[in-house]
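S.K.: Contents of input_4.pdb (PDB, C-alpha atoms) are given next:
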```
ATOM      1  CA  MET G  37     -40.207  16.847 -15.436  1.00  0.00           C
ATOM      2  CA  LYS G  38     -41.338  16.600 -11.826  1.00  0.00           C
ATOM      3  CA  TRP G  39     -39.004  17.638  -8.999  1.00  0.00           C
ATOM      4  CA  THR G  40     -38.844  14.042  -7.752  1.00  0.00           C
ATOM      5  CA  GLN G  41     -37.602  12.892 -11.158  1.00  0.00           C
ATOM      6  CA  VAL G  42     -34.856  15.532 -11.099  1.00  0.00           C
ATOM      7  CA  LEU G  43     -33.932  14.589  -7.533  1.00  0.00           C
ATOM      8  CA  ASP G  44     -33.902  10.895  -8.469  1.00  0.00           C
ATOM      9  CA  ARG G  45     -31.634  11.565 -11.407  1.00  0.00           C
ATOM     10  CA  VAL G  46     -29.125  13.510  -9.304  1.00  0.00           C
ATOM     11  CA  VAL G  47     -29.236  11.549  -6.043  1.00  0.00           C
ATOM     12  CA  LEU G  48     -29.657   8.007  -7.298  1.00  0.00           C
ATOM     13  CA  THR G  49     -27.499   8.204 -10.428  1.00  0.00           C
ATOM     14  CA  TYR G  50     -24.417   9.851  -8.937  1.00  0.00           C
ATOM     15  CA  PRO G  51     -24.575   9.280  -5.152  1.00  0.00           C
ATOM     16  CA  VAL G  52     -20.816   8.998  -4.566  1.00  0.00           C
ATOM     17  CA  VAL G  53     -20.055  12.177  -6.509  1.00  0.00           C
ATOM     18  CA  LEU G  54     -22.880  14.072  -4.815  1.00  0.00           C
ATOM     19  CA  ILE G  55     -21.857  12.984  -1.315  1.00  0.00           C
ATOM     20  CA  SER G  56     -18.177  13.740  -1.935  1.00  0.00           C
ATOM     21  CA  VAL G  57     -18.705  17.202  -3.408  1.00  0.00           C
ATOM     22  CA  VAL G  58     -21.222  18.302  -0.775  1.00  0.00           C
ATOM     23  CA  SER G  59     -19.058  16.922   2.060  1.00  0.00           C
ATOM     24  CA  ILE G  60     -15.944  18.709   0.811  1.00  0.00           C
ATOM     25  CA  LEU G  61     -17.800  22.000   0.406  1.00  0.00           C
ATOM     26  CA  ILE G  62     -19.314  21.815   3.892  1.00  0.00           C
ATOM     27  CA  THR G  63     -15.930  20.785   5.350  1.00  0.00           C
ATOM     28  CA  VAL G  64     -14.317  23.903   3.857  1.00  0.00           C
ATOM     29  CA  VAL G  65     -17.037  26.074   5.382  1.00  0.00           C
ATOM     30  CA  ILE G  66     -16.651  24.353   8.772  1.00  0.00           C
ATOM     31  CA  GLN G  67     -12.886  24.797   8.614  1.00  0.00           C
ATOM     32  CA  TYR G  68     -13.249  28.579   8.480  1.00  0.00           C
ATOM     33  CA  THR G  69     -16.258  29.021  10.770  1.00  0.00           C
ATOM     34  CA  LEU G  70     -16.079  26.571  13.679  1.00  0.00           C
ATOM     35  CA  PRO G  71     -13.430  25.883  16.347  1.00  0.00           C
ATOM     36  CA  LEU G  72     -12.269  22.477  15.124  1.00  0.00           C
ATOM     37  CA  ALA G  73     -10.167  21.499  18.135  1.00  0.00           C
ATOM     38  CA  GLU G  74     -12.939  22.217  20.647  1.00  0.00           C
ATOM     39  CA  LEU G  75     -15.577  20.270  18.685  1.00  0.00           C
ATOM     40  CA  GLN G  76     -13.663  17.044  18.022  1.00  0.00           C
ATOM     41  CA  THR G  77     -15.936  14.997  20.300  1.00  0.00           C
ATOM     42  CA  LEU G  78     -18.979  16.261  18.431  1.00  0.00           C
ATOM     43  CA  PHE G  79     -17.427  15.473  15.045  1.00  0.00           C
ATOM     44  CA  TRP G  80     -16.450  11.955  16.126  1.00  0.00           C
ATOM     45  CA  GLY G  81     -19.988  11.466  17.447  1.00  0.00           C
ATOM     46  CA  ILE G  82     -21.429  12.557  14.103  1.00  0.00           C
ATOM     47  CA  LEU G  83     -19.046  10.163  12.357  1.00  0.00           C
ATOM     48  CA  GLY G  84     -20.123   7.272  14.600  1.00  0.00           C
ATOM     49  CA  ILE G  85     -23.824   8.012  14.164  1.00  0.00           C
ATOM     50  CA  GLY G  86     -23.349   8.441  10.414  1.00  0.00           C
ATOM     51  CA  LEU G  87     -21.542   5.109  10.075  1.00  0.00           C
ATOM     52  CA  LEU G  88     -24.178   3.396  12.201  1.00  0.00           C
ATOM     53  CA  GLY G  89     -26.973   4.882  10.095  1.00  0.00           C
ATOM     54  CA  ASP G  90     -25.154   3.993   6.886  1.00  0.00           C
ATOM     55  CA  SER G  91     -24.659   0.391   7.978  1.00  0.00           C
ATOM     56  CA  ILE G  92     -28.329   0.044   8.971  1.00  0.00           C
ATOM     57  CA  THR G  93     -29.677   1.593   5.777  1.00  0.00           C
ATOM     58  CA  THR G  94     -27.208  -0.362   3.614  1.00  0.00           C
ATOM     59  CA  GLY G  95     -28.227  -3.567   5.378  1.00  0.00           C
ATOM     60  CA  TYR G  96     -31.881  -2.892   4.613  1.00  0.00           C
ATOM     61  CA  LEU G  97     -31.484  -1.948   0.923  1.00  0.00           C
ATOM     62  CA  SER G  98     -32.354  -5.466  -0.221  1.00  0.00           C
ATOM     63  CA  LYS G  99     -35.665  -5.308   1.676  1.00  0.00           C
ATOM     64  CA  PHE G 100     -36.714  -2.617  -0.798  1.00  0.00           C
ATOM     65  CA  GLY G 101     -35.509  -4.398  -3.913  1.00  0.00           C
ATOM     66  CA  LEU G 102     -32.336  -2.311  -4.100  1.00  0.00           C
ATOM     67  CA  ASN G 103     -28.718  -3.394  -4.432  1.00  0.00           C
ATOM     68  CA  GLU G 104     -25.514  -1.890  -3.118  1.00  0.00           C
ATOM     69  CA  GLN G 105     -23.746   0.311  -5.699  1.00  0.00           C
ATOM     70  CA  ASP G 106     -21.618  -1.463  -8.301  1.00  0.00           C
ATOM     71  CA  ARG G 107     -18.307  -0.361  -6.810  1.00  0.00           C
ATOM     72  CA  GLY G 108     -16.982   0.066  -3.321  1.00  0.00           C
ATOM     73  CA  TYR G 109     -15.712  -1.948  -0.424  1.00  0.00           C
ATOM     74  CA  THR G 110     -19.141  -3.087   0.809  1.00  0.00           C
ATOM     75  CA  ARG G 111     -20.022  -4.541  -2.594  1.00  0.00           C
ATOM     76  CA  TRP G 112     -16.624  -6.254  -2.684  1.00  0.00           C
ATOM     77  CA  ALA G 113     -16.879  -7.639   0.853  1.00  0.00           C
ATOM     78  CA  CYS G 114     -20.599  -8.360   1.116  1.00  0.00           C
ATOM     79  CA  GLY G 115     -22.004  -8.650  -2.406  1.00  0.00           C
ATOM     80  CA  ALA G 116     -24.925  -6.859  -4.029  1.00  0.00           C
ATOM     81  CA  GLU G 117     -27.298  -7.482  -1.107  1.00  0.00           C
ATOM     82  CA  PRO G 118     -25.273  -7.055   2.095  1.00  0.00           C
ATOM     83  CA  THR G 119     -26.670  -8.247   5.390  1.00  0.00           C
ATOM     84  CA  LEU G 120     -26.917  -5.858   8.300  1.00  0.00           C
ATOM     85  CA  LEU G 121     -24.058  -7.679  10.051  1.00  0.00           C
ATOM     86  CA  CYS G 122     -21.742  -7.519   7.027  1.00  0.00           C
ATOM     87  CA  ALA G 123     -22.555  -3.844   6.356  1.00  0.00           C
ATOM     88  CA  GLY G 124     -21.894  -3.058  10.018  1.00  0.00           C
ATOM     89  CA  GLY G 125     -18.627  -4.987   9.928  1.00  0.00           C
ATOM     90  CA  THR G 126     -17.371  -3.024   6.940  1.00  0.00           C
ATOM     91  CA  ARG G 127     -18.231   0.225   8.730  1.00  0.00           C
ATOM     92  CA  LEU G 128     -16.197  -0.899  11.753  1.00  0.00           C
ATOM     93  CA  VAL G 129     -13.226  -1.481   9.455  1.00  0.00           C
ATOM     94  CA  VAL G 130     -13.727   2.009   7.975  1.00  0.00           C
ATOM     95  CA  PHE G 131     -13.959   3.542  11.455  1.00  0.00           C
ATOM     96  CA  GLY G 132     -10.656   1.906  12.376  1.00  0.00           C
ATOM     97  CA  ALA G 133      -9.060   3.077   9.139  1.00  0.00           C
ATOM     98  CA  ILE G 134     -10.158   6.628   9.936  1.00  0.00           C
ATOM     99  CA  LEU G 135      -9.149   6.477  13.594  1.00  0.00           C
ATOM    100  CA  ILE G 136      -5.598   5.163  13.052  1.00  0.00           C
ATOM    101  CA  PRO G 137      -4.219   8.164  11.084  1.00  0.00           C
ATOM    102  CA  TYR G 138      -5.984  10.525  13.481  1.00  0.00           C
ATOM    103  CA  LEU G 139      -4.337   8.901  16.499  1.00  0.00           C
ATOM    104  CA  LEU G 140      -0.966   8.793  14.750  1.00  0.00           C
ATOM    105  CA  ILE G 141      -1.103  12.508  13.966  1.00  0.00           C
ATOM    106  CA  PHE G 142      -2.008  13.516  17.499  1.00  0.00           C
ATOM    107  CA  SER G 143       0.186  11.046  19.363  1.00  0.00           C
ATOM    108  CA  TYR G 144       3.355  11.846  17.428  1.00  0.00           C
ATOM    109  CA  GLU G 145       4.189  15.445  18.389  1.00  0.00           C
ATOM    110  CA  PRO G 146       6.601  16.332  15.560  1.00  0.00           C
ATOM    111  CA  LEU G 147       3.704  15.925  13.116  1.00  0.00           C
ATOM    112  CA  GLN G 148       1.701  18.565  14.967  1.00  0.00           C
ATOM    113  CA  GLU G 149       4.303  21.214  14.238  1.00  0.00           C
ATOM    114  CA  TYR G 150       3.178  21.376  10.616  1.00  0.00           C
ATOM    115  CA  TYR G 151      -0.049  23.309  10.252  1.00  0.00           C
ATOM    116  CA  ILE G 152      -1.311  21.369   7.233  1.00  0.00           C
ATOM    117  CA  ILE G 153      -0.865  18.011   8.983  1.00  0.00           C
ATOM    118  CA  HIS G 154      -2.508  19.306  12.167  1.00  0.00           C
ATOM    119  CA  LEU G 155      -5.407  20.734  10.143  1.00  0.00           C
ATOM    120  CA  THR G 156      -5.778  17.486   8.208  1.00  0.00           C
ATOM    121  CA  GLY G 157      -6.001  15.581  11.480  1.00  0.00           C
ATOM    122  CA  LEU G 158      -8.695  17.905  12.770  1.00  0.00           C
ATOM    123  CA  LEU G 159     -10.685  17.647   9.539  1.00  0.00           C
ATOM    124  CA  ILE G 160     -10.605  13.840   9.316  1.00  0.00           C
ATOM    125  CA  PRO G 161     -13.740  13.245  11.433  1.00  0.00           C
ATOM    126  CA  VAL G 162     -15.508  16.231   9.881  1.00  0.00           C
ATOM    127  CA  ALA G 163     -15.146  15.128   6.257  1.00  0.00           C
ATOM    128  CA  PHE G 164     -15.778  11.433   6.863  1.00  0.00           C
ATOM    129  CA  GLY G 165     -18.654  12.173   9.245  1.00  0.00           C
ATOM    130  CA  LEU G 166     -20.355  14.291   6.602  1.00  0.00           C
ATOM    131  CA  MET G 167     -19.818  11.547   4.030  1.00  0.00           C
ATOM    132  CA  ALA G 168     -21.310   8.932   6.362  1.00  0.00           C
ATOM    133  CA  VAL G 169     -24.350  11.097   7.070  1.00  0.00           C
ATOM    134  CA  GLY G 170     -24.679  11.771   3.337  1.00  0.00           C
ATOM    135  CA  ALA G 171     -24.565   8.047   2.555  1.00  0.00           C
ATOM    136  CA  THR G 172     -27.242   7.436   5.173  1.00  0.00           C
ATOM    137  CA  LEU G 173     -29.460  10.118   3.632  1.00  0.00           C
ATOM    138  CA  VAL G 174     -28.969   8.787   0.092  1.00  0.00           C
ATOM    139  CA  ASN G 175     -29.815   5.236   1.206  1.00  0.00           C
ATOM    140  CA  TRP G 176     -32.835   6.494   3.114  1.00  0.00           C
ATOM    141  CA  TYR G 177     -34.022   8.461   0.082  1.00  0.00           C
ATOM    142  CA  ALA G 178     -33.608   5.424  -2.201  1.00  0.00           C
ATOM    143  CA  MET G 179     -35.629   3.278   0.207  1.00  0.00           C
ATOM    144  CA  TRP G 180     -38.267   5.985   0.549  1.00  0.00           C
ATOM    145  CA  ARG G 181     -38.637   6.190  -3.239  1.00  0.00           C
ATOM    146  CA  HIS G 182     -38.952   2.396  -3.466  1.00  0.00           C
ATOM    147  CA  ARG G 183     -41.098   1.898  -0.373  1.00  0.00           C
ATOM    148  CA  GLY G 184     -43.806   0.056  -2.328  1.00  0.00           C
ATOM    149  CA  ARG G 185     -41.371  -2.678  -3.388  1.00  0.00           C
ATOM    150  CA  THR G 186     -40.709  -4.687  -0.262  1.00  0.00           C
ATOM    151  CA  ALA G 187     -39.035  -8.076  -0.408  1.00  0.00           C
ATOM    152  CA  THR G 188     -40.815 -11.111   0.887  1.00  0.00           C
TER     153      THR G 188
END
```
Have the structure of the file written as structure tokens, please.
M.R.:
Amino acid sequence: MKWTQVLDRVVLTYPVVLISVVSILITVVIQYTLPLAELQTLFWGILGIGLLGDSITTGYLSKFGLNEQDRGYTRWACGAEPTLLCAGGTRLVVFGAILIPYLLIFSYEPLQEYYIIHLTGLLIPVAFGLMAVGATLVNWYAMWRHRGRTAT
């Protein structure tokens, strides 16, 4: 079995599981190695870039003869072949859904007294940013593997 076949089997068969597990593992490492509070702007930037990349690559999946995964909010809202506008719109909704709990945690001071809540707030952009970047990479890889099949 060639390495590309193994990579295809892992990346394209179980993308959600792969992205989730890798993101959680990297988030745990970041939690113990980087100053989370000082790097919040960077993490939110990574989240924004990741969501932008994910919306662009998701919007272009149909150009390569690929469909959105069978489950998920984009498939529900946009169908199997989402347009770039619809994919971008769903990512804006996700960004808002991520931003609201973050703002609630850091605008309501009594919540900050509890370490686990404060830590969760700091890790929100890290975990979701890694997931967005992972989704972008998986979409890019799928399009790269199917680059000969362009839609007309």
S.K.: Using the chain letters and numbers from this file, what does the PyMOL selection byres ((chain G and resi 124-128) around 12) select? Give the answer as a count of residues only.
M.R.: 39
S.K.: Selected by the PyMOL selection byres ((chain G and resi 56) around 10) in the shown coordinates: which residues, as a compact mmCIF listing (two decimals) with C-alpha atoms, keeping the file's coordinate frame?
M.R.:
```
# COMPACT_ATOMS: atom_id res chain seq x y z
CA PRO G 51 -24.58 9.28 -5.15
CA VAL G 52 -20.82 9.00 -4.57
CA VAL G 53 -20.06 12.18 -6.51
CA LEU G 54 -22.88 14.07 -4.82
CA ILE G 55 -21.86 12.98 -1.32
CA VAL G 57 -18.70 17.20 -3.41
CA VAL G 58 -21.22 18.30 -0.78
CA SER G 59 -19.06 16.92 2.06
CA ILE G 60 -15.94 18.71 0.81
CA LEU G 61 -17.80 22.00 0.41
CA ALA G 163 -15.15 15.13 6.26
CA PHE G 164 -15.78 11.43 6.86
CA LEU G 166 -20.36 14.29 6.60
CA MET G 167 -19.82 11.55 4.03
CA GLY G 170 -24.68 11.77 3.34
CA ALA G 171 -24.56 8.05 2.56
```
S.K.: Check what the PyMOL selection byres ((chain G and resi 100) around 12) selects in the file above and give those residues as a list of chain:residue names.
M.R.: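 Written out, the selection comes to G:Thr93, G:Thr94, G:Gly95, G:Tyr96, G:Leu97, G:Ser98, G:Lys99, G:Gly101, G:Leu102, G:Asn103, G:Glu104, G:Glu117, G:Asn175, G:Trp176, G:Tyr177, G:Ala178, G:Met179, G:Trp180, G:Arg181, G:His182, G:Arg183, G:Gly184, G:Arg185, G:Thr186, G:Ala187, G:Thr188.
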S.K.: Take atom CA of Gly157 of chain G and atom CA of Tyr138 of chain G and report the distance between them in Å, one decimal.
M.R.: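 Taking atom CA of Gly157 of chain G as the start and atom CA of Tyr138 of chain G as the end point, the length is 5.4 Å.
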S.K.: Hey, could you pull the box centre and edge lengths for segment 116-130 of chain G, axis-aligned, 8 Å padding per side, all listed atoms, to one decimal in Å, as AutoDock Vina command-line options?
M.R.:
```
--center_x -20.3 --center_y -3.1 --center_z 3.9 --size_x 30.1 --size_y 26.3 --size_z 31.8
```
S.K.: Give me, please, the distance in Å between atom CA of Ile82 of chain G and atom CA of Tyr151 of chain G, quoted to one decimal.
M.R.: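 Distance reported for this atom pair: 24.2 Å.
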S.K.: Need the neighbours of (-4.8, 20.3, 13.0): which residues are at most 12 Å away, counting only C-alpha atoms, as a VMD selection string?
M.R.: chain G and resid 67 71 to 74 76 138 to 139 141 to 142 145 147 to 162
S.K.: Considering only C-alpha atoms, state which residue in the set G:Gln105, G:Leu75, G:Ser143, G:Leu70 is at the smallest distance from Val174 of chain G.
M.R.: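 Going through G:Gln105, G:Leu75, G:Ser143, G:Leu70 one by one, the smallest distance to Val174 of chain G is for G:Gln105.
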S.K.: Please measure the separation of atom CA of Ile66 of chain G and atom CA of Leu78 of chain G, giving the value in Å to one decimal.
M.R.: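 According to the coordinates, atom CA of Ile66 of chain G and atom CA of Leu78 of chain G are separated by 12.8 Å.
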S.K.: Compare G:Tyr50, G:Pro146, G:Val64, G:Val169 by their minimum atom-to-atom distance to Gly81 of chain G, counting only C-alpha atoms, and give me the closest one.
M.R.: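 For Gly81 of chain G, the nearest of the candidates is G:Val169.
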